[in-house]
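Colleague: Got a structure for you, questions after.
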Amino acid sequence: MTVDAMSPDGRLVARARGGDTRAAEELAERHVRAAWRAAYAVTGRRDLADDAVQDGFERAFEALDRFDLSRP
């Protein structure tokens, strides 16, 4: 699926880039469960999955300015 400026995630990314913390929170809420499940599947431990998800979201939000809305 391609994320573009017209998709719900694309709009949230654009708003989060502009400093909208509600948009950033909504973007995280949309994806945190899937990210946690994937992290738990890899680590097999809840504490490590929690840490991995937190680190992943921190890195993702630090890189929002480089996110290409025309790519998936």
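In the structure tokens, the first chain shown is A, the next is B, and so on; residue numbers restart at 1 for each chain, and ligands run from 1 in the order shown.
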Just want the 8 Å neighbourhood of A:Leu27, counted on only C-alpha atoms, with same-chain residues fewer than 2 positions away dropped. Output as an MDAnalysis selection string.

Modeller: chainID A and resid 9 12:13 23:25 29:31

Colleague: Identify, on the basis of only C-alpha atoms, every residue whose closest approach to A:Ala49 does not exceed 7 Å; exclude the query and any residue fewer than 4 positions from it along the same chain; express the result as a PyMOL selection string.

Modeller: chain A and resi 36+39-40+43+45+53

Colleague: I need the residues in chain A that are alpha helix (DSSP H) according to DSSP; give them as a CSV table (one decimal) with N, CA and C atoms, in the first residue's frame.

Modeller:
chain,number,residue,atom,x,y,z
A,8,PRO,N,-4.9,8.5,5.1
A,8,PRO,CA,-5.0,8.9,6.5
A,8,PRO,C,-3.6,9.0,7.2
A,9,ASP,N,-2.7,8.0,6.9
A,9,ASP,CA,-1.4,8.1,7.5
A,9,ASP,C,-0.6,9.2,6.9
A,10,GLY,N,-0.7,9.5,5.6
A,10,GLY,CA,0.0,10.6,5.0
A,10,GLY,C,-0.4,11.9,5.6
A,11,ARG,N,-1.7,12.1,5.8
A,11,ARG,CA,-2.1,13.4,6.4
A,11,ARG,C,-1.6,13.5,7.8
A,12,LEU,N,-1.6,12.4,8.6
A,12,LEU,CA,-1.0,12.5,9.9
A,12,LEU,C,0.4,12.8,9.9
A,13,VAL,N,1.2,12.2,9.0
A,13,VAL,CA,2.6,12.4,8.9
A,13,VAL,C,2.8,13.9,8.6
A,14,ALA,N,2.1,14.4,7.7
A,14,ALA,CA,2.3,15.8,7.3
A,14,ALA,C,2.0,16.8,8.5
A,15,ARG,N,0.9,16.4,9.2
A,15,ARG,CA,0.6,17.3,10.4
A,15,ARG,C,1.6,17.1,11.5
A,16,ALA,N,2.1,15.9,11.7
A,16,ALA,CA,3.1,15.7,12.7
A,16,ALA,C,4.4,16.4,12.4
A,17,ARG,N,4.7,16.4,11.1
A,17,ARG,CA,5.9,17.2,10.7
A,17,ARG,C,5.8,18.6,11.0
A,21,THR,N,1.2,17.5,17.8
A,21,THR,CA,1.4,16.3,18.7
A,21,THR,C,0.3,15.4,18.7
A,22,ARG,N,-1.0,15.9,18.5
A,22,ARG,CA,-2.1,15.0,18.4
A,22,ARG,C,-2.0,14.1,17.2
A,23,ALA,N,-1.5,14.6,16.1
A,23,ALA,CA,-1.4,13.8,14.9
A,23,ALA,C,-0.3,12.7,15.1
A,24,ALA,N,0.8,13.1,15.8
A,24,ALA,CA,1.8,12.1,16.1
A,24,ALA,C,1.3,11.0,17.0
A,25,GLU,N,0.5,11.4,18.0
A,25,GLU,CA,-0.1,10.4,18.9
A,25,GLU,C,-1.0,9.5,18.2
A,26,GLU,N,-1.8,10.0,17.3
A,26,GLU,CA,-2.8,9.2,16.6
A,26,GLU,C,-2.0,8.2,15.6
A,27,LEU,N,-1.0,8.7,15.0
A,27,LEU,CA,-0.2,7.9,14.1
A,27,LEU,C,0.5,6.7,14.9
A,28,ALA,N,1.0,7.0,16.1
A,28,ALA,CA,1.5,6.0,17.0
A,28,ALA,C,0.5,5.0,17.4
A,29,GLU,N,-0.7,5.5,17.8
A,29,GLU,CA,-1.8,4.6,18.3
A,29,GLU,C,-2.2,3.7,17.2
A,30,ARG,N,-2.2,4.1,15.9
A,30,ARG,CA,-2.6,3.3,14.8
A,30,ARG,C,-1.7,2.1,14.6
A,31,HIS,N,-0.5,2.2,15.0
A,31,HIS,CA,0.5,1.2,14.6
A,31,HIS,C,1.2,0.5,15.8
A,32,VAL,N,0.9,1.0,17.0
A,32,VAL,CA,1.7,0.4,18.1
A,32,VAL,C,1.4,-1.1,18.4
A,33,ARG,N,0.1,-1.5,18.2
A,33,ARG,CA,-0.2,-2.9,18.5
A,33,ARG,C,0.5,-3.8,17.5
A,34,ALA,N,0.5,-3.5,16.2
A,34,ALA,CA,1.2,-4.3,15.2
A,34,ALA,C,2.7,-4.3,15.5
A,35,ALA,N,3.2,-3.2,15.8
A,35,ALA,CA,4.6,-3.1,16.1
A,35,ALA,C,5.0,-3.9,17.3
A,36,TRP,N,4.2,-3.9,18.3
A,36,TRP,CA,4.4,-4.7,19.5
A,36,TRP,C,4.4,-6.2,19.2
A,37,ARG,N,3.3,-6.5,18.5
A,37,ARG,CA,3.2,-8.0,18.2
A,37,ARG,C,4.4,-8.5,17.4
A,38,ALA,N,4.9,-7.7,16.4
A,38,ALA,CA,6.1,-8.1,15.7
A,38,ALA,C,7.3,-8.1,16.6
A,39,ALA,N,7.5,-7.2,17.4
A,39,ALA,CA,8.6,-7.1,18.3
A,39,ALA,C,8.6,-8.3,19.3
A,40,TYR,N,7.4,-8.7,19.8
A,40,TYR,CA,7.3,-9.8,20.7
A,40,TYR,C,7.5,-11.1,19.9
A,41,ALA,N,7.1,-11.2,18.7
A,41,ALA,CA,7.3,-12.4,17.9
A,41,ALA,C,8.9,-12.6,17.7
A,42,VAL,N,9.6,-11.6,17.6
A,42,VAL,CA,11.0,-11.6,17.4
A,42,VAL,C,11.8,-11.9,18.7
A,43,THR,N,11.4,-11.2,19.8
A,43,THR,CA,12.1,-11.3,21.0
A,43,THR,C,11.6,-12.4,22.0
A,46,ARG,N,8.2,-9.8,26.8
A,46,ARG,CA,7.4,-8.6,26.8
A,46,ARG,C,8.3,-7.3,27.1
A,47,ASP,N,9.2,-7.4,28.0
A,47,ASP,CA,10.0,-6.3,28.3
A,47,ASP,C,10.9,-5.9,27.1
A,48,LEU,N,11.4,-6.8,26.4
A,48,LEU,CA,12.2,-6.5,25.2
A,48,LEU,C,11.3,-6.0,24.1
A,49,ALA,N,10.1,-6.5,23.9
A,49,ALA,CA,9.2,-6.0,22.9
A,49,ALA,C,8.8,-4.5,23.2
A,50,ASP,N,8.6,-4.2,24.5
A,50,ASP,CA,8.2,-2.9,24.9
A,50,ASP,C,9.4,-1.9,24.5
A,51,ASP,N,10.6,-2.3,24.9
A,51,ASP,CA,11.8,-1.5,24.6
A,51,ASP,C,12.0,-1.3,23.1
A,52,ALA,N,11.8,-2.4,22.3
A,52,ALA,CA,12.0,-2.3,20.9
A,52,ALA,C,11.0,-1.4,20.2
A,53,VAL,N,9.8,-1.4,20.7
A,53,VAL,CA,8.7,-0.6,20.1
A,53,VAL,C,9.0,0.9,20.5
A,54,GLN,N,9.4,1.1,21.7
A,54,GLN,CA,9.7,2.5,22.1
A,54,GLN,C,10.8,3.1,21.3
A,55,ASP,N,11.9,2.3,21.2
A,55,ASP,CA,13.0,2.7,20.4
A,55,ASP,C,12.7,2.9,18.9
A,56,GLY,N,11.9,2.0,18.4
A,56,GLY,CA,11.4,2.1,17.0
A,56,GLY,C,10.6,3.4,16.7
A,57,PHE,N,9.7,3.7,17.6
A,57,PHE,CA,8.9,4.9,17.4
A,57,PHE,C,9.7,6.1,17.6
A,58,GLU,N,10.6,6.1,18.5
A,58,GLU,CA,11.5,7.3,18.7
A,58,GLU,C,12.3,7.6,17.4
A,59,ARG,N,12.8,6.5,16.9
A,59,ARG,CA,13.6,6.7,15.6
A,59,ARG,C,12.7,7.1,14.5
A,60,ALA,N,11.5,6.5,14.4
A,60,ALA,CA,10.6,6.9,13.3
A,60,ALA,C,10.2,8.4,13.4
A,61,PHE,N,9.9,8.8,14.6
A,61,PHE,CA,9.4,10.2,14.7
A,61,PHE,C,10.6,11.2,14.5
A,62,GLU,N,11.8,10.8,14.8
A,62,GLU,CA,13.0,11.6,14.6
A,62,GLU,C,13.2,11.8,13.1
